[in-house]
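**Student:** Structure provided below as structure tokens; questions to follow.
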Amino acid sequence: MIAVIKQGTSKEQIDKLIDWIRGKGLEVNYSQGSQETILGLIGDTTSIDAELLDSMDIVESVTRVSEPFKLANRKFHPDDTVVHVADGVDVGGGSFQVIAGPCSVEGDNLFAIADAVKAAGATMLRGGAYKPRTSPYSNQGMGERGLDLLVEARERTGLPIVTEIMDPRDLPLFLERGIDVLQIGARNMQNFPLLREVGKTQTPVLLKRGMAATIDELLMAAEYVMSEGNPNVILCERGIRTFETRTRNTFDLNAVPVLHYLTHLPVIADPSHATGYTRYVGQMALAATAAGADGLEIEVHDNPPKAWSDGGQALLPSMFSELMPEVRAIREVVA
Ligand code: PEP
Ligand code: MN
């Protein structure tokens, strides 16, 4: 981190600032030019509040030269992280996985959906048992019974299961069933106690980008999980909120190559929540594949008008099975 000091600042004031920085455990490189004085902060600058430093009367500007995320940073870990989910299912490092299934687990129809997505080539089954709903009066999901149905669907198909956890108090229910991937939804990307709790396990975490979160905030959320000891984080771009109203969210596909540049963690993309409309999901799934995503998460339902949630963006199993060969074809070209 570099702090440029305002012209006309007295040596005494600068010394006071240097003492303050040293008090935070950092070394200071002092450089007095003809026009300006520059302080280079050396060491772990996470102990410094950059905004606070910038707001000081004698400080002209503050520039970060290294990112605040360390464990997720590709600079310190150049090779791709491969998150091992189950036998034959690794995410990242050149593999490509497709997670498919309904938004909500609703009952026995899960089995028919699971069979269909498996037959089409999905490699993981998704379904929400605990649903984050905007209204407290909307269906909140089946809870524990939903987890049991997912486990049954896993036994039937062999597909590893991905499901959202919203409350750290529910974690034992997920762990005792060996849920293969813990999804942290967009609304909980900065639920720090939840991030820390899943960070204490070794279960893979699918961390979805918050709807108003920057790429750096997503990486700092990953850092929460990793700093507790769980390196198995998969990032997911699922669209962000912009001024555009013709789609549910705006699919920020820039995030895919940007994340690959900044971090070694695998990056998947969710064209269902990103677009919000069944008619756009297929094309954007292909676009995300072309952008270099390590996988996709796609909502599939056998009877979308009857779905408990997100029916308007669900693919029918037949649409999903038509899409999969196209995804594979794009993947061949870019991989
Ligand atoms: C979901 O996957 O069904 C979901 C709620 O996604 P998001 O958190 O991205 O909105
Ligand atoms: Mn959904």
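Within each chain, counting starts at residue 1; across the structure tokens, chains are named A, B, ... in the order shown, with ligands numbered 1 upward in that order.
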At a cut-off of 9 Å, using only C-alpha atoms, what residues contact segment 324-334 of chain A? Leave out same-chain residues fewer than 4 positions from it and give the result as a VMD selection string.

**Tutor:** chain A and resid 96 120 to 122 282 285 to 287 289 to 292 319 to 320

**Student:** All residues within 7 Å of ligand 2 are required, counting only C-alpha atoms and all ligand atoms; please report them as a list in words.

**Tutor:** Cys103, His273, Glu299, Ser309 and Asp310 of chain A

**Student:** Any chance you could list, as a list of chain:residue names, the residues in segment 186-246 of chain A that come up strand (DSSP E) when DSSP is run on the backbone?

**Tutor:**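 Assigned to strand (DSSP E), within segment 186-246 of chain A: A:Val205, A:Leu206, A:Leu207, A:Lys208, A:Val233, A:Ile234, A:Leu235, A:Cys236, A:Glu237.
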
**Student:** Might you pull out every residue within 9 Å of segment 62-72 of chain A, with only C-alpha atoms counted and same-chain residues fewer than 3 positions away left off, and present them as a tab-separated table (two decimals) with N, CA, C and O atoms, in the first residue's frame?

**Tutor:**
```
chain	number	residue	atom	x	y	z
A	1	MET	N	0.85	-1.18	0.00
A	1	MET	CA	0.00	0.00	0.00
A	1	MET	C	0.89	1.24	0.00
A	1	MET	O	1.93	1.26	0.66
A	2	ILE	N	0.48	2.23	-0.79
A	2	ILE	CA	1.28	3.45	-0.90
A	2	ILE	C	0.42	4.65	-0.47
A	2	ILE	O	-0.73	4.77	-0.91
A	3	ALA	N	0.96	5.51	0.39
A	3	ALA	CA	0.24	6.72	0.79
A	3	ALA	C	1.03	7.93	0.32
A	3	ALA	O	2.22	8.06	0.62
A	4	VAL	N	0.38	8.78	-0.46
A	4	VAL	CA	1.01	10.03	-0.91
A	4	VAL	C	0.60	11.12	0.08
A	4	VAL	O	-0.58	11.27	0.41
A	45	THR	N	-0.81	-5.64	5.07
A	45	THR	CA	-1.58	-4.39	5.17
A	45	THR	C	-3.06	-4.62	5.52
A	45	THR	O	-3.83	-3.67	5.58
A	46	THR	N	-3.44	-5.87	5.78
A	46	THR	CA	-4.84	-6.08	6.17
A	46	THR	C	-5.14	-5.43	7.52
A	46	THR	O	-6.29	-5.19	7.85
A	50	ALA	N	-7.71	1.20	4.86
A	50	ALA	CA	-7.27	2.10	3.79
A	50	ALA	C	-8.13	3.37	3.72
A	50	ALA	O	-7.63	4.46	3.45
A	51	GLU	N	-9.44	3.22	3.99
A	51	GLU	CA	-10.33	4.39	3.93
A	51	GLU	C	-9.99	5.38	5.05
A	51	GLU	O	-10.03	6.59	4.86
A	53	LEU	N	-7.06	5.76	6.48
A	53	LEU	CA	-5.79	6.40	6.12
A	53	LEU	C	-6.05	7.50	5.09
A	53	LEU	O	-5.55	8.62	5.19
A	54	ASP	N	-6.87	7.18	4.09
A	54	ASP	CA	-7.18	8.11	3.01
A	54	ASP	C	-7.90	9.36	3.54
A	54	ASP	O	-7.79	10.44	2.96
A	59	VAL	N	-3.09	13.19	4.20
A	59	VAL	CA	-2.93	12.18	3.15
A	59	VAL	C	-3.64	12.63	1.87
A	59	VAL	O	-4.82	12.97	1.88
A	75	LYS	N	-1.79	-15.23	-7.35
A	75	LYS	CA	-0.36	-14.88	-7.24
A	75	LYS	C	0.40	-15.82	-6.32
A	75	LYS	O	1.57	-16.10	-6.52
A	76	PHE	N	-0.28	-16.24	-5.25
A	76	PHE	CA	0.39	-17.09	-4.26
A	76	PHE	C	0.12	-18.56	-4.51
A	76	PHE	O	0.53	-19.42	-3.72
A	77	HIS	N	-0.65	-18.88	-5.53
A	77	HIS	CA	-1.07	-20.26	-5.79
A	77	HIS	C	-1.41	-20.32	-7.27
A	77	HIS	O	-2.57	-20.30	-7.66
A	216	ASP	N	-14.31	-8.35	-6.05
A	216	ASP	CA	-13.42	-8.38	-4.87
A	216	ASP	C	-14.18	-8.80	-3.61
A	216	ASP	O	-13.63	-9.53	-2.77
A	219	LEU	N	-14.51	-12.46	-3.66
A	219	LEU	CA	-13.25	-13.11	-3.28
A	219	LEU	C	-12.99	-12.99	-1.78
A	219	LEU	O	-12.46	-13.92	-1.16
A	220	MET	N	-13.39	-11.88	-1.19
A	220	MET	CA	-13.21	-11.75	0.26
A	220	MET	C	-14.15	-12.70	1.02
A	220	MET	O	-13.82	-13.20	2.10
A	222	ALA	N	-14.99	-15.64	-0.15
A	222	ALA	CA	-14.28	-16.92	-0.27
A	222	ALA	C	-13.16	-17.01	0.76
A	222	ALA	O	-12.92	-18.06	1.37
A	223	GLU	N	-12.53	-15.86	0.97
A	223	GLU	CA	-11.42	-15.80	1.94
A	223	GLU	C	-11.90	-16.16	3.36
A	223	GLU	O	-11.18	-16.80	4.12
A	226	MET	N	-12.08	-19.94	3.42
A	226	MET	CA	-10.75	-20.55	3.33
A	226	MET	C	-9.93	-20.29	4.60
A	226	MET	O	-9.16	-21.14	5.03
A	227	SER	N	-10.12	-19.11	5.18
A	227	SER	CA	-9.30	-18.76	6.35
A	227	SER	C	-9.69	-19.60	7.57
A	227	SER	O	-8.94	-19.67	8.53
A	231	PRO	N	-10.42	-25.26	2.01
A	231	PRO	CA	-9.94	-24.72	0.73
A	231	PRO	C	-10.88	-25.03	-0.44
A	231	PRO	O	-10.65	-24.58	-1.56
A	262	LEU	N	-7.71	-13.64	-11.38
A	262	LEU	CA	-7.38	-13.22	-10.01
A	262	LEU	C	-7.22	-14.39	-9.05
A	262	LEU	O	-6.51	-14.28	-8.06
A	263	THR	N	-7.95	-15.48	-9.30
A	263	THR	CA	-7.97	-16.56	-8.32
A	263	THR	C	-7.77	-17.93	-8.96
A	263	THR	O	-8.08	-18.12	-10.14
A	264	HIS	N	-7.28	-18.85	-8.16
A	264	HIS	CA	-7.09	-20.23	-8.59
A	264	HIS	C	-8.34	-21.08	-8.36
A	264	HIS	O	-8.38	-22.25	-8.71
A	265	LEU	N	-9.36	-20.49	-7.72
A	265	LEU	CA	-10.57	-21.25	-7.39
A	265	LEU	C	-11.39	-21.50	-8.67
A	265	LEU	O	-11.42	-20.64	-9.56
```

**Student:** Report as a PyMOL selection string: the residues of segment 20-146 of chain A with a DSSP assignment of helix (DSSP H, G or I), based on the backbone of this structure.

**Tutor:** chain A and resi 20-23+45-47+50-55+74-76+109-120+144-146

**Student:** How would the residues just chosen look if you wrote them out with N, CA and C atoms as a compact mmCIF listing (two decimals), in the first residue's frame?

**Tutor:**
```
# COMPACT_ATOMS: atom_id res chain seq x y z
N TRP A 20 2.13 5.72 13.77
CA TRP A 20 0.81 5.06 13.78
C TRP A 20 0.85 3.79 12.92
N ILE A 21 1.48 3.92 11.74
CA ILE A 21 1.56 2.76 10.83
C ILE A 21 2.44 1.67 11.46
N ARG A 22 3.55 2.08 12.04
CA ARG A 22 4.44 1.08 12.68
C ARG A 22 3.72 0.38 13.83
N GLY A 23 2.86 1.15 14.51
CA GLY A 23 2.08 0.58 15.61
C GLY A 23 1.15 -0.53 15.14
N THR A 45 -0.81 -5.64 5.07
CA THR A 45 -1.58 -4.39 5.17
C THR A 45 -3.06 -4.62 5.52
N THR A 46 -3.44 -5.87 5.78
CA THR A 46 -4.84 -6.08 6.17
C THR A 46 -5.14 -5.43 7.52
N SER A 47 -4.09 -5.12 8.29
CA SER A 47 -4.31 -4.47 9.58
C SER A 47 -4.59 -2.96 9.42
N ALA A 50 -7.71 1.20 4.86
CA ALA A 50 -7.27 2.10 3.79
C ALA A 50 -8.13 3.37 3.72
N GLU A 51 -9.44 3.22 3.99
CA GLU A 51 -10.33 4.39 3.93
C GLU A 51 -9.99 5.38 5.05
N LEU A 52 -9.67 4.83 6.21
CA LEU A 52 -9.32 5.69 7.35
C LEU A 52 -8.03 6.47 7.03
N LEU A 53 -7.06 5.76 6.48
CA LEU A 53 -5.79 6.40 6.12
C LEU A 53 -6.05 7.50 5.09
N ASP A 54 -6.87 7.18 4.09
CA ASP A 54 -7.18 8.11 3.01
C ASP A 54 -7.90 9.36 3.54
N SER A 55 -8.65 9.19 4.63
CA SER A 55 -9.44 10.32 5.15
C SER A 55 -8.60 11.25 6.02
N ARG A 74 -4.40 -15.94 -6.95
CA ARG A 74 -3.60 -16.78 -7.86
C ARG A 74 -2.11 -16.47 -7.77
N LYS A 75 -1.79 -15.23 -7.35
CA LYS A 75 -0.36 -14.88 -7.24
C LYS A 75 0.40 -15.82 -6.32
N PHE A 76 -0.28 -16.24 -5.25
CA PHE A 76 0.39 -17.09 -4.26
C PHE A 76 0.12 -18.56 -4.51
N ASN A 109 -41.37 -35.79 -7.36
CA ASN A 109 -41.00 -35.42 -8.73
C ASN A 109 -39.49 -35.20 -8.85
N LEU A 110 -38.82 -35.04 -7.70
CA LEU A 110 -37.36 -34.89 -7.73
C LEU A 110 -36.71 -36.09 -8.42
N PHE A 111 -37.29 -37.28 -8.20
CA PHE A 111 -36.64 -38.48 -8.75
C PHE A 111 -36.69 -38.50 -10.28
N ALA A 112 -37.84 -38.14 -10.82
CA ALA A 112 -37.95 -38.12 -12.29
C ALA A 112 -37.02 -37.06 -12.88
N ILE A 113 -36.94 -35.91 -12.20
CA ILE A 113 -36.05 -34.86 -12.69
C ILE A 113 -34.59 -35.34 -12.62
N ALA A 114 -34.26 -35.97 -11.49
CA ALA A 114 -32.88 -36.45 -11.30
C ALA A 114 -32.52 -37.46 -12.40
N ASP A 115 -33.43 -38.41 -12.66
CA ASP A 115 -33.17 -39.41 -13.71
C ASP A 115 -32.94 -38.72 -15.05
N ALA A 116 -33.79 -37.73 -15.33
CA ALA A 116 -33.72 -37.07 -16.65
C ALA A 116 -32.43 -36.27 -16.80
N VAL A 117 -32.05 -35.52 -15.75
CA VAL A 117 -30.83 -34.70 -15.93
C VAL A 117 -29.60 -35.60 -15.98
N LYS A 118 -29.66 -36.70 -15.25
CA LYS A 118 -28.53 -37.63 -15.31
C LYS A 118 -28.40 -38.21 -16.72
N ALA A 119 -29.54 -38.64 -17.26
CA ALA A 119 -29.52 -39.22 -18.62
C ALA A 119 -28.98 -38.22 -19.63
N ALA A 120 -29.25 -36.93 -19.39
CA ALA A 120 -28.79 -35.91 -20.34
C ALA A 120 -27.32 -35.54 -20.14
N GLU A 144 -35.79 -30.36 6.43
CA GLU A 144 -35.08 -31.64 6.61
C GLU A 144 -35.60 -32.74 5.68
N ARG A 145 -36.90 -32.78 5.48
CA ARG A 145 -37.49 -33.78 4.59
C ARG A 145 -36.93 -33.62 3.15
N GLY A 146 -36.71 -32.38 2.78
CA GLY A 146 -36.13 -32.10 1.46
C GLY A 146 -34.71 -32.64 1.36
```

**Student:** Using only C-alpha atoms and all ligand atoms, find each residue in chain A having at least one atom no more than 10 Å away from ligand 1; report its shortest atom-to-atom pair and that distance in Å (one decimal), rows by chain then rising number, as JSON lines.

**Tutor:**
```
{"residue": "A:Gly101", "atom": "CA", "partner": "ligand 1", "partner_atom_place_in_ligand_line": "3 (O)", "distance": 9.6}
{"residue": "A:Pro102", "atom": "CA", "partner": "ligand 1", "partner_atom_place_in_ligand_line": "3 (O)", "distance": 8.0}
{"residue": "A:Cys103", "atom": "CA", "partner": "ligand 1", "partner_atom_place_in_ligand_line": "3 (O)", "distance": 4.7}
{"residue": "A:Ser104", "atom": "CA", "partner": "ligand 1", "partner_atom_place_in_ligand_line": "3 (O)", "distance": 7.0}
{"residue": "A:Arg126", "atom": "CA", "partner": "ligand 1", "partner_atom_place_in_ligand_line": "2 (O)", "distance": 8.2}
{"residue": "A:Gly127", "atom": "CA", "partner": "ligand 1", "partner_atom_place_in_ligand_line": "3 (O)", "distance": 7.3}
{"residue": "A:Gly128", "atom": "CA", "partner": "ligand 1", "partner_atom_place_in_ligand_line": "3 (O)", "distance": 6.3}
{"residue": "A:Ala129", "atom": "CA", "partner": "ligand 1", "partner_atom_place_in_ligand_line": "3 (O)", "distance": 9.7}
{"residue": "A:Tyr130", "atom": "CA", "partner": "ligand 1", "partner_atom_place_in_ligand_line": "5 (C)", "distance": 9.3}
{"residue": "A:Lys131", "atom": "CA", "partner": "ligand 1", "partner_atom_place_in_ligand_line": "5 (C)", "distance": 6.6}
{"residue": "A:Pro132", "atom": "CA", "partner": "ligand 1", "partner_atom_place_in_ligand_line": "5 (C)", "distance": 6.1}
{"residue": "A:Arg133", "atom": "CA", "partner": "ligand 1", "partner_atom_place_in_ligand_line": "5 (C)", "distance": 7.9}
{"residue": "A:Val162", "atom": "CA", "partner": "ligand 1", "partner_atom_place_in_ligand_line": "2 (O)", "distance": 9.5}
{"residue": "A:Thr163", "atom": "CA", "partner": "ligand 1", "partner_atom_place_in_ligand_line": "2 (O)", "distance": 8.1}
{"residue": "A:Glu164", "atom": "CA", "partner": "ligand 1", "partner_atom_place_in_ligand_line": "2 (O)", "distance": 7.3}
{"residue": "A:Met166", "atom": "CA", "partner": "ligand 1", "partner_atom_place_in_ligand_line": "8 (O)", "distance": 10.0}
{"residue": "A:Gln183", "atom": "CA", "partner": "ligand 1", "partner_atom_place_in_ligand_line": "2 (O)", "distance": 7.8}
{"residue": "A:Ile184", "atom": "CA", "partner": "ligand 1", "partner_atom_place_in_ligand_line": "8 (O)", "distance": 6.9}
{"residue": "A:Gly185", "atom": "CA", "partner": "ligand 1", "partner_atom_place_in_ligand_line": "8 (O)", "distance": 3.3}
{"residue": "A:Ala186", "atom": "CA", "partner": "ligand 1", "partner_atom_place_in_ligand_line": "8 (O)", "distance": 3.7}
{"residue": "A:Arg187", "atom": "CA", "partner": "ligand 1", "partner_atom_place_in_ligand_line": "8 (O)", "distance": 5.8}
{"residue": "A:Asn188", "atom": "CA", "partner": "ligand 1", "partner_atom_place_in_ligand_line": "8 (O)", "distance": 7.5}
{"residue": "A:Met189", "atom": "CA", "partner": "ligand 1", "partner_atom_place_in_ligand_line": "8 (O)", "distance": 8.4}
{"residue": "A:Leu206", "atom": "CA", "partner": "ligand 1", "partner_atom_place_in_ligand_line": "2 (O)", "distance": 10.0}
{"residue": "A:Leu207", "atom": "CA", "partner": "ligand 1", "partner_atom_place_in_ligand_line": "8 (O)", "distance": 8.8}
{"residue": "A:Lys208", "atom": "CA", "partner": "ligand 1", "partner_atom_place_in_ligand_line": "9 (O)", "distance": 5.7}
{"residue": "A:Arg209", "atom": "CA", "partner": "ligand 1", "partner_atom_place_in_ligand_line": "9 (O)", "distance": 7.1}
{"residue": "A:Gly210", "atom": "CA", "partner": "ligand 1", "partner_atom_place_in_ligand_line": "9 (O)", "distance": 7.5}
{"residue": "A:Met211", "atom": "CA", "partner": "ligand 1", "partner_atom_place_in_ligand_line": "9 (O)", "distance": 7.8}
{"residue": "A:Cys236", "atom": "CA", "partner": "ligand 1", "partner_atom_place_in_ligand_line": "9 (O)", "distance": 8.2}
{"residue": "A:Glu237", "atom": "CA", "partner": "ligand 1", "partner_atom_place_in_ligand_line": "9 (O)", "distance": 8.1}
{"residue": "A:Arg238", "atom": "CA", "partner": "ligand 1", "partner_atom_place_in_ligand_line": "9 (O)", "distance": 5.4}
{"residue": "A:Gly239", "atom": "CA", "partner": "ligand 1", "partner_atom_place_in_ligand_line": "9 (O)", "distance": 7.7}
{"residue": "A:Ile240", "atom": "CA", "partner": "ligand 1", "partner_atom_place_in_ligand_line": "9 (O)", "distance": 9.4}
{"residue": "A:Asn249", "atom": "CA", "partner": "ligand 1", "partner_atom_place_in_ligand_line": "10 (O)", "distance": 9.8}
{"residue": "A:Ala269", "atom": "CA", "partner": "ligand 1", "partner_atom_place_in_ligand_line": "9 (O)", "distance": 9.8}
{"residue": "A:Asp270", "atom": "CA", "partner": "ligand 1", "partner_atom_place_in_ligand_line": "9 (O)", "distance": 7.6}
{"residue": "A:Pro271", "atom": "CA", "partner": "ligand 1", "partner_atom_place_in_ligand_line": "9 (O)", "distance": 9.8}
{"residue": "A:Ser272", "atom": "CA", "partner": "ligand 1", "partner_atom_place_in_ligand_line": "2 (O)", "distance": 8.5}
{"residue": "A:His273", "atom": "CA", "partner": "ligand 1", "partner_atom_place_in_ligand_line": "9 (O)", "distance": 5.9}
{"residue": "A:Ala274", "atom": "CA", "partner": "ligand 1", "partner_atom_place_in_ligand_line": "9 (O)", "distance": 7.9}
{"residue": "A:Glu297", "atom": "CA", "partner": "ligand 1", "partner_atom_place_in_ligand_line": "2 (O)", "distance": 8.0}
{"residue": "A:Ile298", "atom": "CA", "partner": "ligand 1", "partner_atom_place_in_ligand_line": "2 (O)", "distance": 8.6}
{"residue": "A:Glu299", "atom": "CA", "partner": "ligand 1", "partner_atom_place_in_ligand_line": "3 (O)", "distance": 7.8}
{"residue": "A:Ser309", "atom": "CA", "partner": "ligand 1", "partner_atom_place_in_ligand_line": "3 (O)", "distance": 8.2}
{"residue": "A:Asp310", "atom": "CA", "partner": "ligand 1", "partner_atom_place_in_ligand_line": "3 (O)", "distance": 7.7}
```

**Student:** Just the residues within 12 Å of Gln13 of chain A, please, counting only C-alpha atoms, with nothing from its chain fewer than 6 positions along; format it as JSON, numbers by chain.

**Tutor:** {"A": [5, 6, 7, 19, 20, 56, 57, 58, 59]}

**Student:** Show which residues sit within 7 Å of Thr275 of chain A, as a list in words. Count only C-alpha atoms, and ignore same-chain residues fewer than 5 positions away.

**Tutor:**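 The filter keeps Thr247, Arg248, Asn249, Thr250, Phe251, Tyr280 and Val281 of chain A.
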
**Student:** Could you give me, as an NGL selection string, the residues within 12 Å of Pro193 of chain A, counting only C-alpha atoms and dropping anything in the same chain fewer than 5 positions from it?

**Tutor:** :A and (166-169 or 171 or 184 or 188 or 198-200 or 221 or 224-225 or 228)

**Student:** Store the residues picked out above, limited to C-alpha atoms, as a short mmCIF file (atom, residue, chain, number, x, y, z; two decimals), in the first residue's frame.

**Tutor:**
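This is the output file out12.cif:
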```
data_model
loop_
_atom_site.label_atom_id
_atom_site.label_comp_id
_atom_site.auth_asym_id
_atom_site.auth_seq_id
_atom_site.Cartn_x
_atom_site.Cartn_y
_atom_site.Cartn_z
CA MET A 166 -28.96 -20.57 5.07
CA ASP A 167 -28.50 -20.98 8.80
CA PRO A 168 -25.30 -22.15 10.52
CA ARG A 169 -27.51 -23.93 13.09
CA LEU A 171 -25.12 -27.44 9.46
CA ILE A 184 -24.24 -20.40 -0.10
CA ASN A 188 -25.97 -14.92 2.09
CA VAL A 198 -18.93 -23.90 6.57
CA GLY A 199 -15.24 -22.96 6.59
CA LYS A 200 -14.76 -25.23 9.60
CA ALA A 221 -16.24 -13.92 1.05
CA TYR A 224 -13.70 -16.12 4.99
CA VAL A 225 -14.37 -19.78 4.17
CA GLU A 228 -11.22 -21.17 8.60
#
```

**Student:** What is the distance between atom CA of Gly88 of chain A and atom CA of Gly107 of chain A, in Å to one decimal?

**Tutor:**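 These atoms are spaced 27.9 Å apart.
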
**Student:** Just the number, please: distance in Å from atom CA of Leu253 of chain A to atom CA of Leu218 of chain A, one decimal.

**Tutor:**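 One can read the atom CA of Leu253 of chain A to atom CA of Leu218 of chain A distance as 14.5 Å.
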
**Student:** Provide the atom CA of Asp294 of chain A to atom CA of Gln97 of chain A distance in Å, to one decimal place.

**Tutor:**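 Interatomic distance, atom CA of Asp294 of chain A to atom CA of Gln97 of chain A: 6.8 Å.
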